[in-house]
Amino acid sequence: MVIYTKRGDKGETSMYDKASAQRVRVSKDSLKVEALGTIDELNSFLGVTLSFSNIPEITLYLKEVQRNLLTIGSITAGSKLKFTSLETKKLEKTIDKFEGDLPVLANFILPGGTTFSSHLHYARALCRRTERRMVTLSKVKGEKVRPQILTYLNRLSDYLFMLGRYAIHDANLKEEVWVGKKTK
C-alpha cells in the first residue's frame, strides 16, 4: 500500500463529521485541522525530547503523555474514545512528587540547562500553543472540546515545566534565575 493518496493535493483533507456521521472534506487551514496539527507537533517534539532523556522514570511518564495526546487528537477529530480527569490527576500527583524534590521557586528561570531540560521547556511552550488552539476551537459553534481535555493541556504545561526543572536538578546544575531590570 502506498502512503500517499493525492486526495489532499488541493489543500483539503478528510475528516469525520459528527453531525452528519460521515467523512467530509475540510480545508487544511481550518481551525480544527490547526488544533490537531498543534497536538501532533507537541507529540512529535516529545519524541525528539525523549531521544535526550537519561531519566528512565521521566521517559515512562512522557510516553504516557504521548499516548494521551494521540487519544486527545483522535477525540478532537471525532472519535468516541474516552478521556477522563484521572489523567490530569496523574499529572498533578507527579508534579507534586517532583516539586517536593526541588528548591522553592521564587523567580522566573531561564529555560535551558541540559539538552534534555531545554527540550522539555520548549515542549512546555508548544503545549501552551496547543492549549490556546484548543480553547479557540472550543469557542466555535458546533465544535465541542471536552473540558477535561482543556484542563489536561493546562496541567500538562505545568508538568513539562516541572520535568524541565527536575532534569536540571538531576544533572546537578543550578537553574538560572531571571531578574528584571528596574526602570529609573
# chains A, B, ... in the order shown; residues from 1 in each chain; ligands from 1
>>> select_by_dssp(residues="range 17-145 of chain A", states="helix (DSSP H, G or I)", output="PyMOL selection string")
chain A and resi 31-50+56-77+86-100+115-138
>>> closest_residue(among="A:Arg23, A:Lys174, A:Arg67, A:Arg146", to="Ser44 in chain A", atoms="only C-alpha atoms")
A:Arg67
>>> closest_residue(among="A:Asn172, A:Phe83, A:Phe45, A:Ala123", to="Val145 in chain A", atoms="only C-alpha atoms")
A:Phe83
>>> closest_residue(among="A:Val135, A:Val140, A:Leu60, A:Ile55", to="Ser30 in chain A", atoms="only C-alpha atoms")
A:Val140
>>> closest_residue(among="A:Met1, A:Leu36, A:Met162, A:Leu31", to="Asp101 in chain A", atoms="only C-alpha atoms")
A:Met162
>>> residues_around(residues="Arg128 in chain A", least_positions_apart="5", cutoff="9 Å", atoms="only C-alpha atoms", output="PyMOL selection string")
chain A and resi 123+133+153-154+156-157
>>> atom_distance(atom1="CA of Glu176 in chain A", atom2="CA of Pro111 in chain A")
8.1 Å
>>> closest_residue(among="A:Leu70, A:Ser53, A:Gly180, A:Tyr159", to="Lys93 in chain A", atoms="only C-alpha atoms")
A:Tyr159
>>> closest_residue(among="A:Ala35, A:Ala167, A:Ala77, A:Val104", to="Thr49 in chain A", atoms="only C-alpha atoms")
A:Ala167
>>> residues_around(residues="Tyr152 in chain A", least_positions_apart="5", cutoff="8 Å", atoms="only C-alpha atoms", output="VMD selection string")
chain A and resid 85 87 to 88
>>> select_by_dssp(residues="range 9-175 of chain A", states="strand (DSSP E)", output="PyMOL selection string")
chain A and resi 12-17+22-27
>>> atom_distance(atom1="CA of Glu92 in chain A", atom2="CA of Ala106 in chain A")
20.1 Å
>>> atom_distance(atom1="CA of Lys63 in chain A", atom2="CA of Leu46 in chain A")
8.4 Å
>>> residues_around(residues="His169 in chain A", least_positions_apart="6", cutoff="12 Å", atoms="only C-alpha atoms", output="JSON, numbers by chain")
{"A": [55, 98, 99, 101, 102, 103, 112, 113, 114, 116, 117, 162, 163, 175, 176]}
>>> write_last_selection(atoms="C-alpha atoms", output="compact mmCIF listing (two decimals), in the first residue's frame")
# COMPACT_ATOMS: atom_id res chain seq x y z
CA ILE A 55 15.99 9.63 33.39
CA PHE A 98 8.94 16.29 41.71
CA GLU A 99 8.20 19.68 43.23
CA ASP A 101 12.46 17.35 45.46
CA LEU A 102 13.25 20.82 44.10
CA PRO A 103 14.16 24.15 45.67
CA GLY A 112 17.86 25.86 29.46
CA GLY A 113 20.28 23.74 31.40
CA THR A 114 20.85 20.45 29.65
CA PHE A 116 17.01 17.33 27.78
CA SER A 117 15.73 20.08 30.10
CA MET A 162 8.37 20.75 36.42
CA LEU A 163 10.06 17.93 34.49
CA GLU A 175 18.69 26.95 37.46
CA GLU A 176 19.46 30.36 36.04
>>> residues_around(residues="Leu81 in chain A", least_positions_apart="2", cutoff="12 Å", atoms="only C-alpha atoms", output="CSV table (one decimal) with C-alpha atoms, in the first residue's frame")
chain,number,residue,atom,x,y,z
A,68,ASN,CA,-2.8,10.7,25.8
A,70,LEU,CA,-2.9,10.6,20.5
A,71,THR,CA,-6.2,10.0,22.3
A,72,ILE,CA,-6.9,13.7,22.5
A,73,GLY,CA,-6.2,14.1,18.8
A,74,SER,CA,-8.5,11.2,18.0
A,75,ILE,CA,-11.3,12.7,20.1
A,76,THR,CA,-10.8,16.1,18.6
A,77,ALA,CA,-11.0,14.5,15.1
A,78,GLY,CA,-14.4,12.9,16.0
A,79,SER,CA,-13.7,9.6,17.7
A,83,PHE,CA,-10.6,10.7,28.3
A,84,THR,CA,-11.2,11.3,31.9
A,146,ARG,CA,-14.3,18.3,26.3
>>> residues_around(residues="Gly47 in chain A", least_positions_apart="5", cutoff="10 Å", atoms="only C-alpha atoms", output="list in words")
Glu41, Leu42, Phe52, Thr59, Leu62, Lys63 and Gln66 of chain A
>>> decode(residues="range 23-97 of chain A", atoms="C-alpha atoms", output="compact mmCIF listing (two decimals), in the first residue's frame")
# COMPACT_ATOMS: atom_id res chain seq x y z
CA ARG A 23 -16.49 11.78 6.32
CA VAL A 24 -16.30 15.28 4.86
CA ARG A 25 -13.63 17.31 3.09
CA VAL A 26 -12.29 20.26 5.07
CA SER A 27 -9.68 22.88 4.30
CA LYS A 28 -6.25 22.13 5.72
CA ASP A 29 -6.19 25.63 7.22
CA SER A 30 -9.40 25.12 9.19
CA LEU A 31 -9.24 25.75 12.91
CA LYS A 32 -9.85 22.08 13.71
CA VAL A 33 -7.01 20.95 11.46
CA GLU A 34 -4.79 23.65 13.01
CA ALA A 35 -5.64 22.42 16.52
CA LEU A 36 -4.95 18.83 15.50
CA GLY A 37 -1.66 19.94 13.97
CA THR A 38 -0.51 21.54 17.21
CA ILE A 39 -1.32 18.34 19.10
CA ASP A 40 0.72 16.41 16.55
CA GLU A 41 3.57 18.93 16.72
CA LEU A 42 3.73 18.68 20.51
CA ASN A 43 3.62 14.90 20.41
CA SER A 44 6.33 14.73 17.74
CA PHE A 45 8.53 17.12 19.70
CA LEU A 46 8.10 14.99 22.80
CA GLY A 47 9.52 12.15 20.67
CA VAL A 48 12.57 14.32 19.93
CA THR A 49 12.80 15.22 23.63
CA LEU A 50 12.71 11.56 24.62
CA SER A 51 15.78 10.91 22.49
CA PHE A 52 17.73 13.02 25.01
CA SER A 53 16.18 11.51 28.15
CA ASN A 54 18.59 10.00 30.62
CA ILE A 55 15.99 9.63 33.39
CA PRO A 56 14.06 6.34 32.89
CA GLU A 57 11.17 7.43 35.12
CA ILE A 58 10.59 10.59 33.07
CA THR A 59 10.85 8.56 29.86
CA LEU A 60 7.93 6.41 31.04
CA TYR A 61 5.91 9.47 32.05
CA LEU A 62 6.44 11.18 28.68
CA LYS A 63 5.46 8.08 26.72
CA GLU A 64 2.18 8.03 28.65
CA VAL A 65 1.70 11.70 27.73
CA GLN A 66 2.31 10.83 24.08
CA ARG A 67 -0.39 8.15 24.23
CA ASN A 68 -2.76 10.66 25.85
CA LEU A 69 -2.05 13.22 23.13
CA LEU A 70 -2.92 10.65 20.46
CA THR A 71 -6.18 9.98 22.28
CA ILE A 72 -6.91 13.73 22.52
CA GLY A 73 -6.19 14.15 18.81
CA SER A 74 -8.45 11.25 17.96
CA ILE A 75 -11.28 12.65 20.09
CA THR A 76 -10.82 16.11 18.56
CA ALA A 77 -11.02 14.55 15.11
CA GLY A 78 -14.36 12.93 16.03
CA SER A 79 -13.73 9.58 17.70
CA LYS A 80 -15.73 8.44 20.69
CA LEU A 81 -12.73 7.42 22.78
CA LYS A 82 -12.81 8.18 26.48
CA PHE A 83 -10.59 10.67 28.25
CA THR A 84 -11.17 11.30 31.94
CA SER A 85 -9.96 13.72 34.57
CA LEU A 86 -7.97 10.82 36.05
CA GLU A 87 -5.24 11.66 33.51
CA THR A 88 -4.97 15.19 34.92
CA LYS A 89 -4.85 13.82 38.46
CA LYS A 90 -1.89 11.63 37.44
CA LEU A 91 -0.07 14.73 36.15
CA GLU A 92 -0.80 16.60 39.39
CA LYS A 93 0.48 13.71 41.50
CA THR A 94 3.74 13.64 39.53
CA ILE A 95 4.10 17.44 39.68
CA ASP A 96 3.71 17.30 43.46
CA LYS A 97 6.26 14.49 43.72
